[in-house]
Amino acid sequence: MDEIDKKIISILQKDGRTSLSELGKKVGFSHVSIRKRLKNLCENLVKVSAGLNAEKLGFRVAIVNAEVETPKRLQELINKFSKCPRIVFLTTTTGAYNIMTMMIAEDADTLNAIVEVCSVRAQKGVRRSEVTIGEAPVIPKYLPIKIISNKEAEDAPCGINCGKCARYQNEKCLACPATKYYRGPL
């Protein structure tokens with residue numbers, strides 16, 4: 001990644017819809033040269049995608065840190081939660097905990113429900129956990145919130161059946177956006 005690539009990335013971070021011609025004008029290259037550079041960047045380093053403004057959607061976040069007992073169970077949880085539409089960030093960590101997730105929810109009741117029932121914290125093999133609840137993030141303003149257009153699943157990607165959940169039945173959770181039970185805006 002050279003200085004021109006960095007400039008292209010910087011422009012795209014401000015507006016991912018910037019045309020090749022406009023990128024070319026801003027960096028002093030032809031749109032053909034920009035296309036080649038962008039193709040290389042996208043194959044190796046960059047992904048241009050749509051992010052959603054969590055603040056405008058009224059979303060809240062929970063950061064869940066957990067200590068998982070074994071490396072095998074840690075990998076199982078990573079695989080399980082990689083498909084969760086409420087996870088916008090998941091990483092392994094060092095120190096007191098070995099996994100951290102950032103989850104989103106449409107309201108406080110749903111956030112509390114997912115933290116207590118659906119998050120990494122509630123899984124078998126977790127020794128201890130810590131949760132921090134916050135408002136929509138200030139930075140970054142746009143999050144990679146997964147939109148699932150086909151809501152026919154009975155069970156959420158984590159294996160929970162929202163229709164059988166007491167919090168869902170008592171209208172204290174909007175359900176998983178990947179299921180047919182979902183009652184929210186996604």
# chains A, B, ... in the order shown; residues from 1 in each chain; ligands from 1
$ select_by_dssp --residues "segment 4-58 of chain A" --states "alpha helix (DSSP H)" --output "PyMOL selection string"
chain A and resi 4-14+20-27+31-44
$ write_last_selection --atoms "N, CA and C atoms" --output "short mmCIF file (atom, residue, chain, number, x, y, z; two decimals), in the first residue's frame"
data_model
loop_
_atom_site.label_atom_id
_atom_site.label_comp_id
_atom_site.auth_asym_id
_atom_site.auth_seq_id
_atom_site.Cartn_x
_atom_site.Cartn_y
_atom_site.Cartn_z
N ILE A 4 -0.58 6.69 -2.80
CA ILE A 4 -1.75 6.82 -3.66
C ILE A 4 -2.87 5.91 -3.17
N ASP A 5 -2.52 4.66 -2.83
CA ASP A 5 -3.52 3.74 -2.29
C ASP A 5 -4.15 4.30 -1.01
N LYS A 6 -3.32 4.86 -0.16
CA LYS A 6 -3.81 5.45 1.10
C LYS A 6 -4.79 6.60 0.81
N LYS A 7 -4.47 7.41 -0.19
CA LYS A 7 -5.35 8.52 -0.54
C LYS A 7 -6.69 8.00 -1.08
N ILE A 8 -6.63 6.96 -1.92
CA ILE A 8 -7.86 6.36 -2.46
C ILE A 8 -8.72 5.81 -1.32
N ILE A 9 -8.08 5.10 -0.41
CA ILE A 9 -8.82 4.54 0.73
C ILE A 9 -9.44 5.65 1.58
N SER A 10 -8.67 6.69 1.82
CA SER A 10 -9.18 7.82 2.62
C SER A 10 -10.42 8.44 1.97
N ILE A 11 -10.40 8.61 0.67
CA ILE A 11 -11.54 9.18 -0.06
C ILE A 11 -12.74 8.25 0.04
N LEU A 12 -12.50 6.96 -0.15
CA LEU A 12 -13.60 5.98 -0.09
C LEU A 12 -14.16 5.84 1.33
N GLN A 13 -13.34 6.05 2.34
CA GLN A 13 -13.85 6.00 3.70
C GLN A 13 -14.82 7.14 3.99
N LYS A 14 -14.62 8.25 3.32
CA LYS A 14 -15.55 9.38 3.47
C LYS A 14 -16.81 9.16 2.66
N LEU A 20 -14.99 6.31 -10.08
CA LEU A 20 -13.60 6.14 -10.51
C LEU A 20 -13.05 7.44 -11.10
N SER A 21 -13.88 8.13 -11.87
CA SER A 21 -13.45 9.41 -12.48
C SER A 21 -13.13 10.43 -11.40
N GLU A 22 -14.00 10.51 -10.39
CA GLU A 22 -13.78 11.47 -9.30
C GLU A 22 -12.52 11.10 -8.50
N LEU A 23 -12.35 9.81 -8.21
CA LEU A 23 -11.12 9.36 -7.53
C LEU A 23 -9.89 9.76 -8.35
N GLY A 24 -9.97 9.53 -9.67
CA GLY A 24 -8.86 9.87 -10.55
C GLY A 24 -8.51 11.34 -10.49
N LYS A 25 -9.53 12.20 -10.51
CA LYS A 25 -9.30 13.65 -10.43
C LYS A 25 -8.61 14.02 -9.12
N LYS A 26 -9.07 13.39 -8.04
CA LYS A 26 -8.54 13.76 -6.72
C LYS A 26 -7.11 13.29 -6.49
N VAL A 27 -6.70 12.21 -7.16
CA VAL A 27 -5.32 11.72 -6.97
C VAL A 27 -4.43 11.96 -8.18
N HIS A 31 -9.01 7.19 -14.74
CA HIS A 31 -9.95 6.27 -14.10
C HIS A 31 -9.56 4.81 -14.36
N VAL A 32 -8.85 4.54 -15.47
CA VAL A 32 -8.36 3.18 -15.75
C VAL A 32 -7.31 2.78 -14.71
N SER A 33 -6.39 3.68 -14.41
CA SER A 33 -5.37 3.40 -13.39
C SER A 33 -6.01 3.22 -12.02
N ILE A 34 -7.01 4.05 -11.73
CA ILE A 34 -7.71 3.94 -10.44
C ILE A 34 -8.42 2.60 -10.35
N ARG A 35 -9.07 2.17 -11.45
CA ARG A 35 -9.78 0.89 -11.46
C ARG A 35 -8.81 -0.25 -11.15
N LYS A 36 -7.62 -0.24 -11.75
CA LYS A 36 -6.62 -1.28 -11.51
C LYS A 36 -6.19 -1.28 -10.05
N ARG A 37 -5.91 -0.08 -9.53
CA ARG A 37 -5.49 0.02 -8.13
C ARG A 37 -6.61 -0.44 -7.19
N LEU A 38 -7.81 -0.02 -7.48
CA LEU A 38 -8.95 -0.38 -6.63
C LEU A 38 -9.23 -1.89 -6.69
N LYS A 39 -9.08 -2.46 -7.88
CA LYS A 39 -9.26 -3.91 -8.02
C LYS A 39 -8.24 -4.64 -7.15
N ASN A 40 -7.00 -4.22 -7.20
CA ASN A 40 -5.95 -4.82 -6.39
C ASN A 40 -6.23 -4.64 -4.90
N LEU A 41 -6.64 -3.43 -4.51
CA LEU A 41 -6.95 -3.17 -3.11
C LEU A 41 -8.11 -4.06 -2.62
N CYS A 42 -9.14 -4.18 -3.45
CA CYS A 42 -10.31 -4.98 -3.06
C CYS A 42 -10.01 -6.47 -3.01
N GLU A 43 -9.05 -6.93 -3.79
CA GLU A 43 -8.66 -8.34 -3.74
C GLU A 43 -7.80 -8.65 -2.53
N ASN A 44 -7.12 -7.64 -1.99
CA ASN A 44 -6.14 -7.90 -0.94
C ASN A 44 -6.35 -7.19 0.39
#
$ atom_distance --atom1 "atom CA of Ile78 of chain A" --atom2 "atom CA of Ala113 of chain A"
20.2 Å
$ residues_around --residues "Thr93 of chain A" --least-positions-apart "2" --cutoff "12 Å" --atoms "only C-alpha atoms" --output "list of chain:residue names"
A:Val64, A:Asn65, A:Ala66, A:Glu67, A:Val68, A:Leu74, A:Leu90, A:Thr91, A:Gly95, A:Ala96, A:Tyr97, A:Asn98, A:Ile99, A:Met100, A:Thr101
$ write_last_selection --atoms "N, CA and C atoms" --output "short mmCIF file (atom, residue, chain, number, x, y, z; two decimals), in the first residue's frame"
data_model
loop_
_atom_site.label_atom_id
_atom_site.label_comp_id
_atom_site.auth_asym_id
_atom_site.auth_seq_id
_atom_site.Cartn_x
_atom_site.Cartn_y
_atom_site.Cartn_z
N VAL A 64 -19.53 -7.36 25.24
CA VAL A 64 -19.49 -8.53 26.11
C VAL A 64 -18.09 -9.13 26.04
N ASN A 65 -17.43 -9.14 27.18
CA ASN A 65 -16.13 -9.79 27.32
C ASN A 65 -16.35 -11.08 28.09
N ALA A 66 -15.70 -12.15 27.67
CA ALA A 66 -15.88 -13.41 28.37
C ALA A 66 -14.59 -14.21 28.40
N GLU A 67 -14.48 -15.03 29.42
CA GLU A 67 -13.38 -15.99 29.52
C GLU A 67 -13.96 -17.36 29.23
N VAL A 68 -13.53 -17.94 28.13
CA VAL A 68 -14.00 -19.25 27.70
C VAL A 68 -12.99 -20.30 28.17
N LEU A 74 -13.71 -22.02 22.67
CA LEU A 74 -13.59 -20.66 22.15
C LEU A 74 -13.84 -20.65 20.64
N LEU A 90 -16.35 -9.01 16.65
CA LEU A 90 -15.99 -10.18 17.46
C LEU A 90 -14.50 -10.40 17.29
N THR A 91 -13.79 -10.55 18.41
CA THR A 91 -12.36 -10.80 18.35
C THR A 91 -11.91 -11.61 19.55
N GLY A 95 -5.39 -11.29 28.17
CA GLY A 95 -5.66 -10.65 29.45
C GLY A 95 -6.73 -11.42 30.21
N ALA A 96 -7.57 -10.72 30.92
CA ALA A 96 -8.57 -11.35 31.78
C ALA A 96 -9.62 -12.14 30.99
N TYR A 97 -9.88 -11.74 29.76
CA TYR A 97 -10.88 -12.40 28.92
C TYR A 97 -10.24 -12.84 27.61
N ASN A 98 -10.86 -13.83 26.95
CA ASN A 98 -10.28 -14.28 25.68
C ASN A 98 -11.20 -14.11 24.48
N ILE A 99 -12.36 -13.49 24.70
CA ILE A 99 -13.25 -13.14 23.58
C ILE A 99 -13.98 -11.85 23.92
N MET A 100 -14.17 -11.02 22.89
CA MET A 100 -14.92 -9.78 23.05
C MET A 100 -15.87 -9.64 21.87
N THR A 101 -17.11 -9.28 22.16
CA THR A 101 -18.08 -9.02 21.11
C THR A 101 -18.73 -7.66 21.34
#
$ select_by_dssp --residues "segment 83-153 of chain A" --states "strand (DSSP E)" --output "ChimeraX atom specification"
/A:87-92,99-105,126-134,142-143
$ atom_distance --atom1 "atom CA of Tyr181 of chain A" --atom2 "atom CA of Cys162 of chain A"
6.6 Å
$ atom_distance --atom1 "atom CA of Ser30 of chain A" --atom2 "atom CA of Lys47 of chain A"
21.6 Å
$ residues_around --residues "Phe89 of chain A" --least-positions-apart "3" --cutoff "10 Å" --atoms "only C-alpha atoms" --output "MDAnalysis selection string"
chainID A and resid 63 82 86 100:104 143:145
$ residues_around --residues "Gly134 of chain A" --least-positions-apart "5" --cutoff "10 Å" --atoms "only C-alpha atoms" --output "CSV table (one decimal) with N, CA and C atoms, in the first residue's frame"
chain,number,residue,atom,x,y,z
A,59,PHE,N,-30.4,2.5,17.9
A,59,PHE,CA,-29.8,1.3,18.5
A,59,PHE,C,-28.9,1.6,19.7
A,60,ARG,N,-28.7,0.6,20.5
A,60,ARG,CA,-27.8,0.6,21.6
A,60,ARG,C,-26.8,-0.5,21.5
A,61,VAL,N,-25.7,-0.5,22.2
A,61,VAL,CA,-24.7,-1.5,22.0
A,61,VAL,C,-24.4,-2.1,23.4
A,62,ALA,N,-23.9,-3.4,23.3
A,62,ALA,CA,-23.4,-4.0,24.5
A,62,ALA,C,-22.0,-4.6,24.1
A,63,ILE,N,-21.1,-4.4,24.9
A,63,ILE,CA,-19.8,-5.0,24.7
A,63,ILE,C,-19.7,-6.1,25.7
A,104,ILE,N,-25.6,-5.2,18.9
A,104,ILE,CA,-26.5,-4.1,18.8
A,104,ILE,C,-27.9,-4.6,19.0
A,108,ALA,N,-33.6,-1.0,24.8
A,108,ALA,CA,-33.0,-1.5,26.0
A,108,ALA,C,-33.5,-2.8,26.4
$ decode --residues "segment 111-170 of chain A" --atoms "C-alpha atoms" --output "mmCIF file, in the first residue's frame"
data_model
loop_
_atom_site.group_PDB
_atom_site.id
_atom_site.type_symbol
_atom_site.label_atom_id
_atom_site.label_comp_id
_atom_site.auth_asym_id
_atom_site.auth_seq_id
_atom_site.Cartn_x
_atom_site.Cartn_y
_atom_site.Cartn_z
ATOM 1 C CA LEU A 111 -30.454 -5.457 24.519
ATOM 2 C CA ASN A 112 -30.977 -6.824 28.029
ATOM 3 C CA ALA A 113 -32.608 -9.958 26.615
ATOM 4 C CA ILE A 114 -29.813 -10.712 24.171
ATOM 5 C CA VAL A 115 -27.121 -10.076 26.794
ATOM 6 C CA GLU A 116 -28.775 -12.455 29.263
ATOM 7 C CA VAL A 117 -30.054 -15.138 26.859
ATOM 8 C CA CYS A 118 -28.332 -14.975 23.468
ATOM 9 C CA SER A 119 -24.834 -13.569 23.969
ATOM 10 C CA VAL A 120 -21.492 -15.289 24.433
ATOM 11 C CA ARG A 121 -21.963 -14.629 28.151
ATOM 12 C CA ALA A 122 -24.864 -17.092 28.362
ATOM 13 C CA GLN A 123 -23.022 -19.997 26.715
ATOM 14 C CA LYS A 124 -21.722 -23.272 28.116
ATOM 15 C CA GLY A 125 -17.992 -23.165 28.828
ATOM 16 C CA VAL A 126 -17.859 -19.490 29.822
ATOM 17 C CA ARG A 127 -16.166 -19.095 33.209
ATOM 18 C CA ARG A 128 -16.937 -15.417 33.712
ATOM 19 C CA SER A 129 -17.955 -12.366 31.756
ATOM 20 C CA GLU A 130 -18.348 -8.631 31.895
ATOM 21 C CA VAL A 131 -20.870 -6.511 30.017
ATOM 22 C CA THR A 132 -20.737 -2.814 29.199
ATOM 23 C CA ILE A 133 -23.910 -1.238 27.836
ATOM 24 C CA GLY A 134 -23.837 1.979 25.866
ATOM 25 C CA GLU A 135 -25.645 4.223 23.453
ATOM 26 C CA ALA A 136 -25.047 4.102 19.716
ATOM 27 C CA PRO A 137 -21.350 4.600 18.959
ATOM 28 C CA VAL A 138 -20.014 8.043 18.160
ATOM 29 C CA ILE A 139 -17.096 6.594 16.155
ATOM 30 C CA PRO A 140 -17.590 4.856 13.856
ATOM 31 C CA LYS A 141 -20.941 6.372 13.036
ATOM 32 C CA TYR A 142 -21.843 3.647 10.533
ATOM 33 C CA LEU A 143 -21.753 0.008 11.600
ATOM 34 C CA PRO A 144 -21.707 -3.212 9.566
ATOM 35 C CA ILE A 145 -25.152 -4.276 10.796
ATOM 36 C CA LYS A 146 -26.235 -7.430 8.983
ATOM 37 C CA ILE A 147 -29.539 -7.204 7.131
ATOM 38 C CA ILE A 148 -31.226 -10.543 6.526
ATOM 39 C CA SER A 149 -33.970 -10.225 3.940
ATOM 40 C CA ASN A 150 -35.178 -13.828 4.138
ATOM 41 C CA LYS A 151 -36.792 -14.178 7.563
ATOM 42 C CA GLU A 152 -38.105 -17.731 7.383
ATOM 43 C CA ALA A 153 -35.876 -19.438 9.960
ATOM 44 C CA GLU A 154 -37.465 -21.002 13.021
ATOM 45 C CA ASP A 155 -34.221 -20.846 15.024
ATOM 46 C CA ALA A 156 -31.681 -18.044 15.270
ATOM 47 C CA PRO A 157 -28.129 -18.726 13.994
ATOM 48 C CA CYS A 158 -27.099 -19.314 17.639
ATOM 49 C CA GLY A 159 -29.689 -22.116 17.892
ATOM 50 C CA ILE A 160 -32.272 -20.343 20.058
ATOM 51 C CA ASN A 161 -35.940 -20.465 19.085
ATOM 52 C CA CYS A 162 -37.174 -16.931 19.761
ATOM 53 C CA GLY A 163 -40.830 -17.990 19.538
ATOM 54 C CA LYS A 164 -40.390 -20.165 22.637
ATOM 55 C CA CYS A 165 -38.462 -17.524 24.623
ATOM 56 C CA ALA A 166 -40.339 -16.004 27.595
ATOM 57 C CA ARG A 167 -38.818 -12.554 26.984
ATOM 58 C CA TYR A 168 -40.106 -12.589 23.406
ATOM 59 C CA GLN A 169 -43.540 -13.824 24.504
ATOM 60 C CA ASN A 170 -43.715 -11.039 27.124
#
